[in-house]
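Structure data follow from data05.pdb (PDB, C-alpha atoms, pLDDT in the B column):
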ATOM      1  CA  MET A   1       0.000   0.000   0.000  1.00 56.00           C
ATOM      2  CA  ARG A   2       2.833   2.339   0.916  1.00 56.00           C
ATOM      3  CA  SER A   3       4.700   1.692  -2.349  1.00 59.00           C
ATOM      4  CA  ARG A   4       1.524   2.464  -4.334  1.00 58.00           C
ATOM      5  CA  PHE A   5       1.236   5.803  -2.500  1.00 51.00           C
ATOM      6  CA  PHE A   6       4.840   6.709  -3.366  1.00 51.00           C
ATOM      7  CA  LEU A   7       4.256   5.659  -6.990  1.00 53.00           C
ATOM      8  CA  VAL A   8       1.234   7.994  -7.261  1.00 52.00           C
ATOM      9  CA  VAL A   9       3.122  10.873  -5.623  1.00 52.00           C
ATOM     10  CA  ALA A  10       6.142  10.330  -7.885  1.00 53.00           C
ATOM     11  CA  SER A  11       3.902  10.256 -10.977  1.00 56.00           C
ATOM     12  CA  LEU A  12       2.164  13.482  -9.990  1.00 53.00           C
ATOM     13  CA  LEU A  13       5.465  15.170  -9.272  1.00 51.00           C
ATOM     14  CA  ALA A  14       6.838  14.093 -12.656  1.00 53.00           C
ATOM     15  CA  LEU A  15       3.774  15.513 -14.419  1.00 53.00           C
ATOM     16  CA  THR A  16       4.142  18.869 -12.702  1.00 56.00           C
ATOM     17  CA  LEU A  17       7.794  19.100 -13.716  1.00 56.00           C
ATOM     18  CA  LEU A  18       7.108  18.475 -17.411  1.00 55.00           C
ATOM     19  CA  PRO A  19       7.039  21.638 -19.490  1.00 57.00           C
ATOM     20  CA  ALA A  20       3.478  22.649 -20.217  1.00 56.00           C
ATOM     21  CA  ALA A  21       2.405  22.866 -23.855  1.00 54.00           C
ATOM     22  CA  PRO A  22       1.881  26.470 -24.857  1.00 60.00           C
ATOM     23  CA  ALA A  23      -1.753  27.510 -24.766  1.00 58.00           C
ATOM     24  CA  VAL A  24      -1.436  28.781 -28.326  1.00 59.00           C
ATOM     25  CA  ALA A  25      -0.976  25.211 -29.543  1.00 69.00           C
ATOM     26  CA  GLN A  26      -4.484  24.462 -28.313  1.00 81.00           C
ATOM     27  CA  LEU A  27      -6.109  27.357 -30.182  1.00 82.00           C
ATOM     28  CA  ALA A  28      -7.006  27.612 -33.841  1.00 78.00           C
ATOM     29  CA  GLN A  29      -6.148  30.753 -35.715  1.00 82.00           C
ATOM     30  CA  THR A  30      -8.985  32.285 -37.671  1.00 86.00           C
ATOM     31  CA  THR A  31      -9.323  34.995 -40.247  1.00 89.00           C
ATOM     32  CA  THR A  32     -12.023  37.556 -39.561  1.00 93.00           C
ATOM     33  CA  LEU A  33     -14.122  39.504 -42.016  1.00 95.00           C
ATOM     34  CA  THR A  34     -13.274  43.153 -41.429  1.00 95.00           C
ATOM     35  CA  LEU A  35     -15.541  46.121 -41.963  1.00 97.00           C
ATOM     36  CA  GLU A  36     -13.088  47.423 -44.567  1.00 97.00           C
ATOM     37  CA  ALA A  37     -13.338  44.165 -46.548  1.00 96.00           C
ATOM     38  CA  ALA A  38     -17.132  44.241 -46.260  1.00 97.00           C
ATOM     39  CA  LYS A  39     -17.142  47.826 -47.569  1.00 98.00           C
ATOM     40  CA  ARG A  40     -15.080  46.804 -50.606  1.00 97.00           C
ATOM     41  CA  MET A  41     -17.436  43.921 -51.286  1.00 98.00           C
ATOM     42  CA  MET A  42     -20.497  46.110 -50.883  1.00 98.00           C
ATOM     43  CA  GLU A  43     -19.105  48.750 -53.228  1.00 98.00           C
ATOM     44  CA  ALA A  44     -18.392  46.154 -55.926  1.00 98.00           C
ATOM     45  CA  ALA A  45     -21.788  44.480 -55.522  1.00 98.00           C
ATOM     46  CA  GLU A  46     -23.607  47.818 -55.688  1.00 98.00           C
ATOM     47  CA  ALA A  47     -21.635  48.796 -58.791  1.00 98.00           C
ATOM     48  CA  GLU A  48     -22.706  45.569 -60.516  1.00 98.00           C
ATOM     49  CA  ALA A  49     -26.334  46.134 -59.571  1.00 98.00           C
ATOM     50  CA  ALA A  50     -26.204  49.759 -60.730  1.00 98.00           C
ATOM     51  CA  ARG A  51     -24.527  48.803 -64.013  1.00 98.00           C
ATOM     52  CA  ASN A  52     -27.483  46.514 -64.747  1.00 98.00           C
ATOM     53  CA  GLY A  53     -30.163  48.792 -63.290  1.00 98.00           C
ATOM     54  CA  TRP A  54     -31.148  46.160 -60.716  1.00 98.00           C
ATOM     55  CA  THR A  55     -32.913  47.132 -57.508  1.00 98.00           C
ATOM     56  CA  VAL A  56     -31.556  44.766 -54.867  1.00 98.00           C
ATOM     57  CA  ALA A  57     -30.787  44.412 -51.206  1.00 98.00           C
ATOM     58  CA  ILE A  58     -27.261  43.252 -50.368  1.00 98.00           C
ATOM     59  CA  ALA A  59     -26.392  41.687 -47.019  1.00 98.00           C
ATOM     60  CA  ILE A  60     -22.934  40.781 -45.747  1.00 98.00           C
ATOM     61  CA  VAL A  61     -22.642  38.661 -42.592  1.00 98.00           C
ATOM     62  CA  ASP A  62     -19.731  37.413 -40.510  1.00 97.00           C
ATOM     63  CA  ALA A  63     -18.812  33.798 -39.709  1.00 97.00           C
ATOM     64  CA  GLY A  64     -21.567  33.629 -37.094  1.00 96.00           C
ATOM     65  CA  GLY A  65     -24.175  34.822 -39.572  1.00 96.00           C
ATOM     66  CA  ASP A  66     -24.460  38.207 -37.887  1.00 97.00           C
ATOM     67  CA  LEU A  67     -24.994  41.267 -40.036  1.00 97.00           C
ATOM     68  CA  VAL A  68     -21.929  43.360 -40.888  1.00 98.00           C
ATOM     69  CA  MET A  69     -23.498  45.486 -43.641  1.00 98.00           C
ATOM     70  CA  LEU A  70     -26.856  45.824 -45.355  1.00 98.00           C
ATOM     71  CA  HIS A  71     -27.729  48.127 -48.241  1.00 97.00           C
ATOM     72  CA  ARG A  72     -31.036  48.367 -50.061  1.00 97.00           C
ATOM     73  CA  ARG A  73     -30.920  50.181 -53.361  1.00 97.00           C
ATOM     74  CA  ASP A  74     -33.657  52.722 -53.960  1.00 97.00           C
ATOM     75  CA  GLY A  75     -36.847  51.118 -55.207  1.00 96.00           C
ATOM     76  CA  THR A  76     -36.056  47.636 -53.882  1.00 97.00           C
ATOM     77  CA  GLN A  77     -38.978  45.762 -52.375  1.00 97.00           C
ATOM     78  CA  LEU A  78     -38.836  45.579 -48.588  1.00 97.00           C
ATOM     79  CA  ALA A  79     -39.061  41.784 -48.522  1.00 97.00           C
ATOM     80  CA  SER A  80     -35.643  41.620 -50.199  1.00 98.00           C
ATOM     81  CA  ILE A  81     -33.974  42.853 -47.007  1.00 98.00           C
ATOM     82  CA  GLU A  82     -34.731  39.683 -45.055  1.00 97.00           C
ATOM     83  CA  ILE A  83     -34.307  37.444 -48.090  1.00 98.00           C
ATOM     84  CA  ALA A  84     -30.787  38.799 -48.756  1.00 98.00           C
ATOM     85  CA  ARG A  85     -29.857  38.395 -45.111  1.00 98.00           C
ATOM     86  CA  GLY A  86     -31.299  34.870 -45.113  1.00 97.00           C
ATOM     87  CA  LYS A  87     -29.296  33.925 -48.200  1.00 98.00           C
ATOM     88  CA  ALA A  88     -26.065  35.216 -46.645  1.00 98.00           C
ATOM     89  CA  ARG A  89     -26.699  33.365 -43.365  1.00 98.00           C
ATOM     90  CA  THR A  90     -27.654  30.162 -45.170  1.00 97.00           C
ATOM     91  CA  ALA A  91     -24.427  30.284 -47.215  1.00 98.00           C
ATOM     92  CA  VAL A  92     -22.426  30.573 -43.978  1.00 98.00           C
ATOM     93  CA  ARG A  93     -24.281  27.853 -42.106  1.00 96.00           C
ATOM     94  CA  PHE A  94     -24.123  25.321 -44.931  1.00 96.00           C
ATOM     95  CA  LYS A  95     -20.675  26.404 -46.193  1.00 97.00           C
ATOM     96  CA  ARG A  96     -21.865  26.448 -49.784  1.00 97.00           C
ATOM     97  CA  PRO A  97     -23.669  28.674 -52.248  1.00 98.00           C
ATOM     98  CA  THR A  98     -27.407  28.721 -51.691  1.00 98.00           C
ATOM     99  CA  LYS A  99     -27.863  27.607 -55.312  1.00 98.00           C
ATOM    100  CA  ALA A 100     -26.791  24.122 -54.171  1.00 96.00           C
ATOM    101  CA  LEU A 101     -29.658  24.047 -51.680  1.00 95.00           C
ATOM    102  CA  GLU A 102     -32.145  25.421 -54.205  1.00 95.00           C
ATOM    103  CA  ASP A 103     -31.073  22.685 -56.629  1.00 96.00           C
ATOM    104  CA  ALA A 104     -31.483  20.040 -53.911  1.00 95.00           C
ATOM    105  CA  VAL A 105     -35.014  21.217 -53.110  1.00 94.00           C
ATOM    106  CA  ASN A 106     -35.904  21.368 -56.804  1.00 94.00           C
ATOM    107  CA  GLY A 107     -34.468  17.861 -57.176  1.00 96.00           C
ATOM    108  CA  GLY A 108     -36.864  16.469 -54.595  1.00 95.00           C
ATOM    109  CA  ARG A 109     -35.046  17.040 -51.267  1.00 94.00           C
ATOM    110  CA  THR A 110     -37.995  19.080 -49.997  1.00 90.00           C
ATOM    111  CA  VAL A 111     -37.171  18.045 -46.437  1.00 91.00           C
ATOM    112  CA  LEU A 112     -34.584  20.852 -46.470  1.00 88.00           C
ATOM    113  CA  VAL A 113     -37.337  23.447 -46.191  1.00 85.00           C
ATOM    114  CA  ALA A 114     -38.269  21.962 -42.807  1.00 89.00           C
ATOM    115  CA  LEU A 115     -34.917  23.072 -41.382  1.00 88.00           C
ATOM    116  CA  GLY A 116     -35.093  26.271 -39.374  1.00 84.00           C
ATOM    117  CA  GLU A 117     -33.784  29.537 -40.771  1.00 88.00           C
ATOM    118  CA  ILE A 118     -32.815  28.360 -44.230  1.00 94.00           C
ATOM    119  CA  THR A 119     -33.209  30.344 -47.440  1.00 95.00           C
ATOM    120  CA  PRO A 120     -32.636  27.863 -50.276  1.00 94.00           C
ATOM    121  CA  LEU A 121     -32.666  30.421 -53.093  1.00 96.00           C
ATOM    122  CA  GLU A 122     -29.757  31.247 -55.380  1.00 98.00           C
ATOM    123  CA  GLY A 123     -27.968  34.481 -54.497  1.00 98.00           C
ATOM    124  CA  GLY A 124     -26.080  33.604 -51.309  1.00 98.00           C
ATOM    125  CA  ILE A 125     -22.363  32.789 -51.378  1.00 98.00           C
ATOM    126  CA  PRO A 126     -19.988  31.964 -48.521  1.00 98.00           C
ATOM    127  CA  ILE A 127     -16.897  34.136 -48.129  1.00 97.00           C
ATOM    128  CA  GLU A 128     -13.934  31.770 -47.860  1.00 95.00           C
ATOM    129  CA  VAL A 129     -10.300  32.436 -47.041  1.00 92.00           C
ATOM    130  CA  ASP A 130      -7.845  29.526 -47.099  1.00 90.00           C
ATOM    131  CA  GLY A 131     -10.732  27.050 -47.030  1.00 91.00           C
ATOM    132  CA  GLN A 132     -12.327  28.664 -43.987  1.00 94.00           C
ATOM    133  CA  VAL A 133     -15.764  30.322 -44.161  1.00 97.00           C
ATOM    134  CA  ILE A 134     -15.458  33.785 -42.625  1.00 97.00           C
ATOM    135  CA  GLY A 135     -18.803  35.184 -43.727  1.00 98.00           C
ATOM    136  CA  GLY A 136     -21.376  35.311 -46.465  1.00 98.00           C
ATOM    137  CA  ILE A 137     -22.932  37.671 -48.982  1.00 98.00           C
ATOM    138  CA  GLY A 138     -26.565  37.485 -50.001  1.00 98.00           C
ATOM    139  CA  VAL A 139     -28.493  39.436 -52.612  1.00 98.00           C
ATOM    140  CA  SER A 140     -32.220  39.657 -53.346  1.00 98.00           C
ATOM    141  CA  GLY A 141     -34.436  41.749 -55.568  1.00 98.00           C
ATOM    142  CA  VAL A 142     -34.213  40.460 -59.123  1.00 98.00           C
ATOM    143  CA  MET A 143     -34.116  36.956 -60.620  1.00 98.00           C
ATOM    144  CA  SER A 144     -32.080  34.618 -58.425  1.00 97.00           C
ATOM    145  CA  SER A 145     -29.452  34.099 -61.124  1.00 97.00           C
ATOM    146  CA  GLN A 146     -29.036  37.889 -61.312  1.00 98.00           C
ATOM    147  CA  ASP A 147     -28.826  38.098 -57.516  1.00 98.00           C
ATOM    148  CA  ALA A 148     -25.968  35.585 -57.728  1.00 98.00           C
ATOM    149  CA  LEU A 149     -24.120  37.753 -60.277  1.00 98.00           C
ATOM    150  CA  VAL A 150     -24.262  40.703 -57.889  1.00 98.00           C
ATOM    151  CA  ALA A 151     -23.024  38.528 -55.011  1.00 98.00           C
ATOM    152  CA  GLN A 152     -20.187  37.165 -57.185  1.00 98.00           C
ATOM    153  CA  ALA A 153     -19.134  40.728 -58.048  1.00 98.00           C
ATOM    154  CA  GLY A 154     -18.964  41.531 -54.339  1.00 98.00           C
ATOM    155  CA  LEU A 155     -16.959  38.419 -53.600  1.00 97.00           C
ATOM    156  CA  ALA A 156     -14.550  39.182 -56.453  1.00 97.00           C
ATOM    157  CA  ALA A 157     -13.578  42.416 -54.690  1.00 96.00           C
ATOM    158  CA  LEU A 158     -11.693  40.367 -52.081  1.00 91.00           C
ATOM    159  CA  ARG A 159      -9.480  38.629 -54.613  1.00 85.00           C
ATOM    160  CA  PRO A 160      -6.054  40.187 -55.119  1.00 74.00           C
TER     161      PRO A 160
END

What's the structure tokens form of this structure?
Amino acid sequence: MRSRFFLVVASLLALTLLPAAPAVAQLAQTTTLTLEAAKRMMEAAEAEAARNGWTVAIAIVDAGGDLVMLHRRDGTQLASIEIARGKARTAVRFKRPTKALEDAVNGGRTVLVALGEITPLEGGIPIEVDGQVIGGIGVSGVMSSQDALVAQAGLAALRP
């Protein structure tokens, strides 16, 4: 019994003398969507919409799906505000363009519409950096394929 006690004490002492792993090794590094980057994206998306005369709402969200920026061009229907935000959030949560979800629903996977807070309409695109989703951009107001063109223009503003 006494030798077991000394073995436990010796083991604990040895563990306390080992160098601790740095806390940084236990943390993942992430890239964050900045307001400046969101402004560049918004400017490019608005320019594309203006060039085509499209009245749209444009939403940019962070990695948590929280709103960073929202612009509604003059004359855009009010419903497009929430639709654009929903597309951006859906792109973040599913880590894919919302067109993929729209295609799945159209292909018979109607169960997707039962999921909470999903907007399976083309026009939402995740913002990815080094394979990591850091946000999303969603557009609503014209045909979904046109919404997607505006979102793509915004996303292109982040490329060097």

Using the chain letters and numbers from the file, give me the residues hit by the PyMOL selection byres ((chain A and resi 48-64) around 8), as an NGL selection string.
-> :A and (32-33 or 38 or 42 or 44-47 or 65-77 or 80-81 or 84-85 or 88-89 or 92 or 133-142 or 147 or 149-151 or 153)

Could you take the residues named above and write them with C-alpha atoms, as a compact mmCIF listing (two decimals), in the frame of the given file?
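That gives us part.txt:
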# COMPACT_ATOMS: atom_id res chain seq x y z
CA THR A 32 -12.02 37.56 -39.56
CA LEU A 33 -14.12 39.50 -42.02
CA ALA A 38 -17.13 44.24 -46.26
CA MET A 42 -20.50 46.11 -50.88
CA ALA A 44 -18.39 46.15 -55.93
CA ALA A 45 -21.79 44.48 -55.52
CA GLU A 46 -23.61 47.82 -55.69
CA ALA A 47 -21.64 48.80 -58.79
CA GLY A 65 -24.18 34.82 -39.57
CA ASP A 66 -24.46 38.21 -37.89
CA LEU A 67 -24.99 41.27 -40.04
CA VAL A 68 -21.93 43.36 -40.89
CA MET A 69 -23.50 45.49 -43.64
CA LEU A 70 -26.86 45.82 -45.36
CA HIS A 71 -27.73 48.13 -48.24
CA ARG A 72 -31.04 48.37 -50.06
CA ARG A 73 -30.92 50.18 -53.36
CA ASP A 74 -33.66 52.72 -53.96
CA GLY A 75 -36.85 51.12 -55.21
CA THR A 76 -36.06 47.64 -53.88
CA GLN A 77 -38.98 45.76 -52.38
CA SER A 80 -35.64 41.62 -50.20
CA ILE A 81 -33.97 42.85 -47.01
CA ALA A 84 -30.79 38.80 -48.76
CA ARG A 85 -29.86 38.40 -45.11
CA ALA A 88 -26.06 35.22 -46.64
CA ARG A 89 -26.70 33.36 -43.36
CA VAL A 92 -22.43 30.57 -43.98
CA VAL A 133 -15.76 30.32 -44.16
CA ILE A 134 -15.46 33.78 -42.62
CA GLY A 135 -18.80 35.18 -43.73
CA GLY A 136 -21.38 35.31 -46.46
CA ILE A 137 -22.93 37.67 -48.98
CA GLY A 138 -26.56 37.48 -50.00
CA VAL A 139 -28.49 39.44 -52.61
CA SER A 140 -32.22 39.66 -53.35
CA GLY A 141 -34.44 41.75 -55.57
CA VAL A 142 -34.21 40.46 -59.12
CA ASP A 147 -28.83 38.10 -57.52
CA LEU A 149 -24.12 37.75 -60.28
CA VAL A 150 -24.26 40.70 -57.89
CA ALA A 151 -23.02 38.53 -55.01
CA ALA A 153 -19.13 40.73 -58.05

State, in Å with one decimal place, the distance from CA of Leu78 in chain A to CA of Met41 in chain A.
->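 Interatomic distance, CA of Leu78 in chain A to CA of Met41 in chain A: 21.6 Å.
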
Pick from A:Thr90, A:Ala37, A:Arg96, A:Gly131: nearest to Leu115 in chain A, with only C-alpha atoms counted?
->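 Once distances to Leu115 in chain A are computed over only C-alpha atoms, the minimum belongs to A:Thr90.
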
Taking into account only C-alpha atoms, which residue in the set A:Glu122, A:Asp130, A:Glu43, A:Asp103 is nearest to Ala91 in chain A?
->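 Closest to Ala91 in chain A, using only C-alpha atoms: A:Glu122.
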
Enclose all atoms of range 87-106 of chain A listed in the file in an axis-aligned box, grow every side by 4 Å, and hand back centre and edge lengths in Å to one decimal, as JSON.
{"center_x": -28.3, "center_y": 27.6, "center_z": -49.5, "size_x": 23.2, "size_y": 23.2, "size_z": 22.7}
